[in-house]
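Participant: Here it is, the structure in full.
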Amino acid sequence: MTALPPGSPQPGRQLEERLREGQRVLAGVARRVFQRLGGLVDRDDLESLGRPALLAAARSFDPARGTFAAYVAARVRSAMVDGVRRETHGRTAAARAHVLAGADRACEFHSENEPRDAGVVTQEEGEASLDQLLDGQAAALALGVVAYGADLDLTPGSEESPEDRFLRKESLGRLDGALEGLPERERVLIRRYYFEEGTLEGIARELGVSTSWASRLHAQALESLARALGRAT
Amino acid sequence: MSGLPGPTLATIHATWNRHRARFSKGRSRRAKLHGFGDDPLAIAAGCATLRTMARTLLAELKADPWTVARVDASLARYAHMMTPVQLAWAREQMFEQLANDEHALRTLRRAHPREGDESGDVGWPALGDEDTPAVRKRSEAG
């Protein structure tokens with residue numbers, strides 16, 4: 001628990017208030033994850049998966065880092081998708097959770113690295129920041145879709161034409177080339193995370209870096225991939 | 001700004017911010033500030049309003065050409081790697097993130113061209129954003 005400013009409630013009472021507020025956030029996040037996973041995991045199960053993270057977040061929250069609601073939402077969302085990946089909720093749910101976890105990680109990293117005292121930003125800076133966020137999301141989702149394919153249970157509406165097959169093969173070749181061009185640790189991380197279902201924590205241990213550093217490598221790799229593949233006009 | 005349903009989207013944002021502020025600013029004195037008392041039904045009704053607004057915002061973002069162009073440009077380089085259904089799913093997830101994630105929404109608001117509505121009100125919050133710790137600190141000090 002961080003030092004409390006003068007006039008703040010007592011730690012026990014503050015924890016209680018955070019838990020009460022966090023409970024509402026937990027329910028909202030569970031509803032959202034439920035929808036994102038296509039209703040494949042029970043909402044009560046999701047809330048159970050997020051509850052330990054809520055308690056930990058209520059204890060560790062630092063008001064200087066932003067709002068409690070945003071802080072706790074990020075923590076419980078990660079706990080829920082990690083839980084769905086670990087536990088037996090079916091292959092499709094686990095695959096979707098893994099892909100969404102990658103996209104969430106990219107968004108979290110972007111949030112954590114936002115300048116804290118940015119003050120007024122120009123529209124150009126704002127646009128660059130938005131593009132960076134969206135590029136990271138798009139890369140994470142695309143890698144997940146490519147890696148998991150049929151496991152995501154997103155049934156094609158029609159047969160793929162020979163031309164589509166050709167373009168797909170060509171695009172996948174470009175993606176493979178872009179992956180090969182990444183620095184070694186970023187390449188290992190992307191391959192292990194997306195194509196071998198590793199967790200960021202496990203991969204961080206393998207690489208001998210902290211989880212937050214692995215998160216940075218992940219974000220850098222997504223950015224490099226997006227750059228290497230170019231922005232279509 | 002051509003092609004933007006600005007006033008509608010701006011109104012949604014302004015309303016969204018007002019509602020969200022009621023839920024986040026008075027964390028320690030929540031019930032009193034929200035005006036919902038301790039009545040769980042009233043609080044649930046407030047949350048339902050937020051949910052409805054999130055859905056409305058999602059629909060507004062998907063109808064906003066500027067936002068759509070930004071999302072599609074990010075996804076375009078992967079378009080041929082995915083089937084149309086997979087691409088639509090990825091796109092839906094990106095819009096969903098923009099509409100529901102506080103950081104993503106703030107980033108979008110900062111980047112989105114602002115526009116005054118017909119009454120002369122500017123619906124978008126100031127670019128510096130009222131939610132950042134630095135701005136909160138200033139407003140607390142002032």
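Quick note on naming: the chains in the structure tokens go A, B, ... in the order shown, residues restart at 1 in each chain, and ligands are numbered from 1 in order of appearance.
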Using only C-alpha atoms and a cut-off of 8 Å, which residues of chain A sit close to chain B? Please list them as number ranges by chain.
Facilitator: A: 14, 17-18, 21, 36, 64-67, 69-70, 107, 111, 116-131, 133-135, 137-139, 141-142, 145-146, 154-157, 160, 164, 167-169, 171-172, 226, 229-233
Participant: Take the selection from the previous step and output its residues with C-alpha atoms, as an mmCIF file, in the first residue's frame.
Facilitator:
data_model
loop_
_atom_site.group_PDB
_atom_site.id
_atom_site.type_symbol
_atom_site.label_atom_id
_atom_site.label_comp_id
_atom_site.auth_asym_id
_atom_site.auth_seq_id
_atom_site.Cartn_x
_atom_site.Cartn_y
_atom_site.Cartn_z
ATOM 1 C CA GLN A 14 -9.597 2.506 1.855
ATOM 2 C CA GLU A 17 -13.774 1.078 -0.640
ATOM 3 C CA ARG A 18 -11.442 0.029 -3.436
ATOM 4 C CA GLU A 21 -15.556 -0.072 -6.439
ATOM 5 C CA ARG A 36 -15.190 -10.718 -26.760
ATOM 6 C CA ALA A 64 -0.177 8.686 -9.145
ATOM 7 C CA ARG A 65 -0.575 6.174 -11.990
ATOM 8 C CA GLY A 66 -4.136 7.128 -12.960
ATOM 9 C CA THR A 67 -7.629 6.110 -11.928
ATOM 10 C CA ALA A 69 -10.990 1.875 -12.206
ATOM 11 C CA ALA A 70 -8.618 1.847 -15.190
ATOM 12 C CA CYS A 107 -2.564 -1.596 -25.421
ATOM 13 C CA SER A 111 -0.816 3.159 -21.844
ATOM 14 C CA ARG A 116 2.719 11.319 -17.668
ATOM 15 C CA ASP A 117 3.035 15.064 -17.941
ATOM 16 C CA ALA A 118 2.297 15.407 -21.620
ATOM 17 C CA GLY A 119 0.034 18.411 -21.050
ATOM 18 C CA VAL A 120 -1.431 19.654 -24.311
ATOM 19 C CA VAL A 121 -0.511 17.513 -27.306
ATOM 20 C CA THR A 122 -0.692 18.634 -30.917
ATOM 21 C CA GLN A 123 -3.053 16.840 -33.226
ATOM 22 C CA GLU A 124 -0.092 15.377 -35.141
ATOM 23 C CA GLU A 125 1.293 13.892 -31.928
ATOM 24 C CA GLY A 126 -2.151 12.601 -31.074
ATOM 25 C CA GLU A 127 -2.526 10.973 -34.483
ATOM 26 C CA ALA A 128 0.930 9.395 -34.294
ATOM 27 C CA SER A 129 0.093 7.965 -30.889
ATOM 28 C CA LEU A 130 -3.245 6.602 -32.124
ATOM 29 C CA ASP A 131 -1.625 5.014 -35.179
ATOM 30 C CA LEU A 133 -1.730 1.993 -30.724
ATOM 31 C CA LEU A 134 -3.815 0.725 -33.648
ATOM 32 C CA ASP A 135 -0.780 -0.724 -35.477
ATOM 33 C CA GLN A 137 -3.417 -3.979 -31.970
ATOM 34 C CA ALA A 138 -3.687 -4.914 -35.640
ATOM 35 C CA ALA A 139 -0.334 -6.741 -35.604
ATOM 36 C CA LEU A 141 -4.648 -9.697 -33.823
ATOM 37 C CA ALA A 142 -3.294 -10.602 -37.265
ATOM 38 C CA VAL A 145 -5.368 -15.149 -36.475
ATOM 39 C CA VAL A 146 -2.522 -16.490 -38.625
ATOM 40 C CA LEU A 154 -14.268 -18.012 -37.432
ATOM 41 C CA THR A 155 -15.914 -19.920 -40.233
ATOM 42 C CA PRO A 156 -15.294 -18.517 -43.706
ATOM 43 C CA GLY A 157 -18.455 -17.330 -45.410
ATOM 44 C CA GLU A 160 -11.391 -19.046 -51.015
ATOM 45 C CA ASP A 164 -7.200 -15.193 -52.734
ATOM 46 C CA LEU A 167 -2.427 -13.489 -52.274
ATOM 47 C CA ARG A 168 -2.636 -15.206 -48.901
ATOM 48 C CA LYS A 169 0.436 -17.290 -49.590
ATOM 49 C CA SER A 171 1.284 -12.190 -47.734
ATOM 50 C CA LEU A 172 2.225 -14.977 -45.346
ATOM 51 C CA ALA A 226 3.947 -3.209 -38.861
ATOM 52 C CA LEU A 229 4.982 -4.746 -43.803
ATOM 53 C CA GLY A 230 4.267 -1.125 -44.621
ATOM 54 C CA ARG A 231 1.146 0.944 -44.304
ATOM 55 C CA ALA A 232 -1.194 0.281 -47.202
ATOM 56 C CA THR A 233 -2.745 3.327 -48.766
#
Participant: Which residues, written as a VMD selection string, have at least one atom at most 10 Å from Arg192 of chain A, with only C-alpha atoms counted and residues fewer than 6 positions away on the same chain left out?
Facilitator: chain A and resid 186 198 to 200 202 to 203
Participant: How about saving the chosen residues, N, CA and C atoms kept, as an mmCIF file, in the first residue's frame?
Facilitator:
data_model
loop_
_atom_site.group_PDB
_atom_site.id
_atom_site.type_symbol
_atom_site.label_atom_id
_atom_site.label_comp_id
_atom_site.auth_asym_id
_atom_site.auth_seq_id
_atom_site.Cartn_x
_atom_site.Cartn_y
_atom_site.Cartn_z
ATOM 1 N N GLU A 186 13.296 -10.473 -29.981
ATOM 2 C CA GLU A 186 11.922 -10.138 -30.391
ATOM 3 C C GLU A 186 11.331 -11.278 -31.219
ATOM 4 N N GLY A 198 3.200 -19.828 -25.779
ATOM 5 C CA GLY A 198 3.895 -19.500 -24.535
ATOM 6 C C GLY A 198 3.229 -18.320 -23.841
ATOM 7 N N THR A 199 3.492 -18.178 -22.560
ATOM 8 C CA THR A 199 2.999 -16.988 -21.856
ATOM 9 C C THR A 199 4.135 -15.973 -21.803
ATOM 10 N N LEU A 200 3.764 -14.721 -21.676
ATOM 11 C CA LEU A 200 4.795 -13.679 -21.651
ATOM 12 C C LEU A 200 5.719 -13.874 -20.441
ATOM 13 N N GLY A 202 6.456 -16.742 -18.937
ATOM 14 C CA GLY A 202 7.344 -17.877 -19.193
ATOM 15 C C GLY A 202 8.452 -17.509 -20.172
ATOM 16 N N ILE A 203 8.073 -16.778 -21.205
ATOM 17 C CA ILE A 203 9.070 -16.399 -22.218
ATOM 18 C C ILE A 203 10.099 -15.443 -21.604
#
Participant: Based on DSSP run over this structure's backbone, return all residues of segment 22-233 of chain A in alpha helix (DSSP H), as a PyMOL selection string.
Facilitator: chain A and resi 22-36+43-60+68-86+91-112+123-148+162-180+184-190+200-207+211-229
Participant: Which distance in Å separates atom CA of Leu189 of chain A and atom CA of Ala94 of chain A, to one decimal?
Facilitator: 19.2 Å
Participant: Have a look at atom CA of Ala79 of chain A and atom CA of Ala59 of chain B and let me know their distance in Å, one decimal.
Facilitator: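 Atom-to-atom, atom CA of Ala79 of chain A and atom CA of Ala59 of chain B are spaced 27.9 Å apart.
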Participant: Pick out the residues sitting within 12 Å of Leu49 of chain A, and hand them over as a list of chain:residue names; count only C-alpha atoms, and ignore anything fewer than 6 positions along from it in its own chain.
Facilitator: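 Skipping anything fewer than 6 positions along the chain leaves A:Leu26, A:Ala27, A:Val29, A:Ala30, A:Val33, A:Val41, A:Asp42, A:Arg43, A:Leu55, A:Arg75, A:Val76, A:Arg77, A:Ser78, A:Ala79, A:Met80, A:Val81, A:Asp82, A:Gly83, A:Val84, A:Arg85, A:Arg86, A:Glu87.
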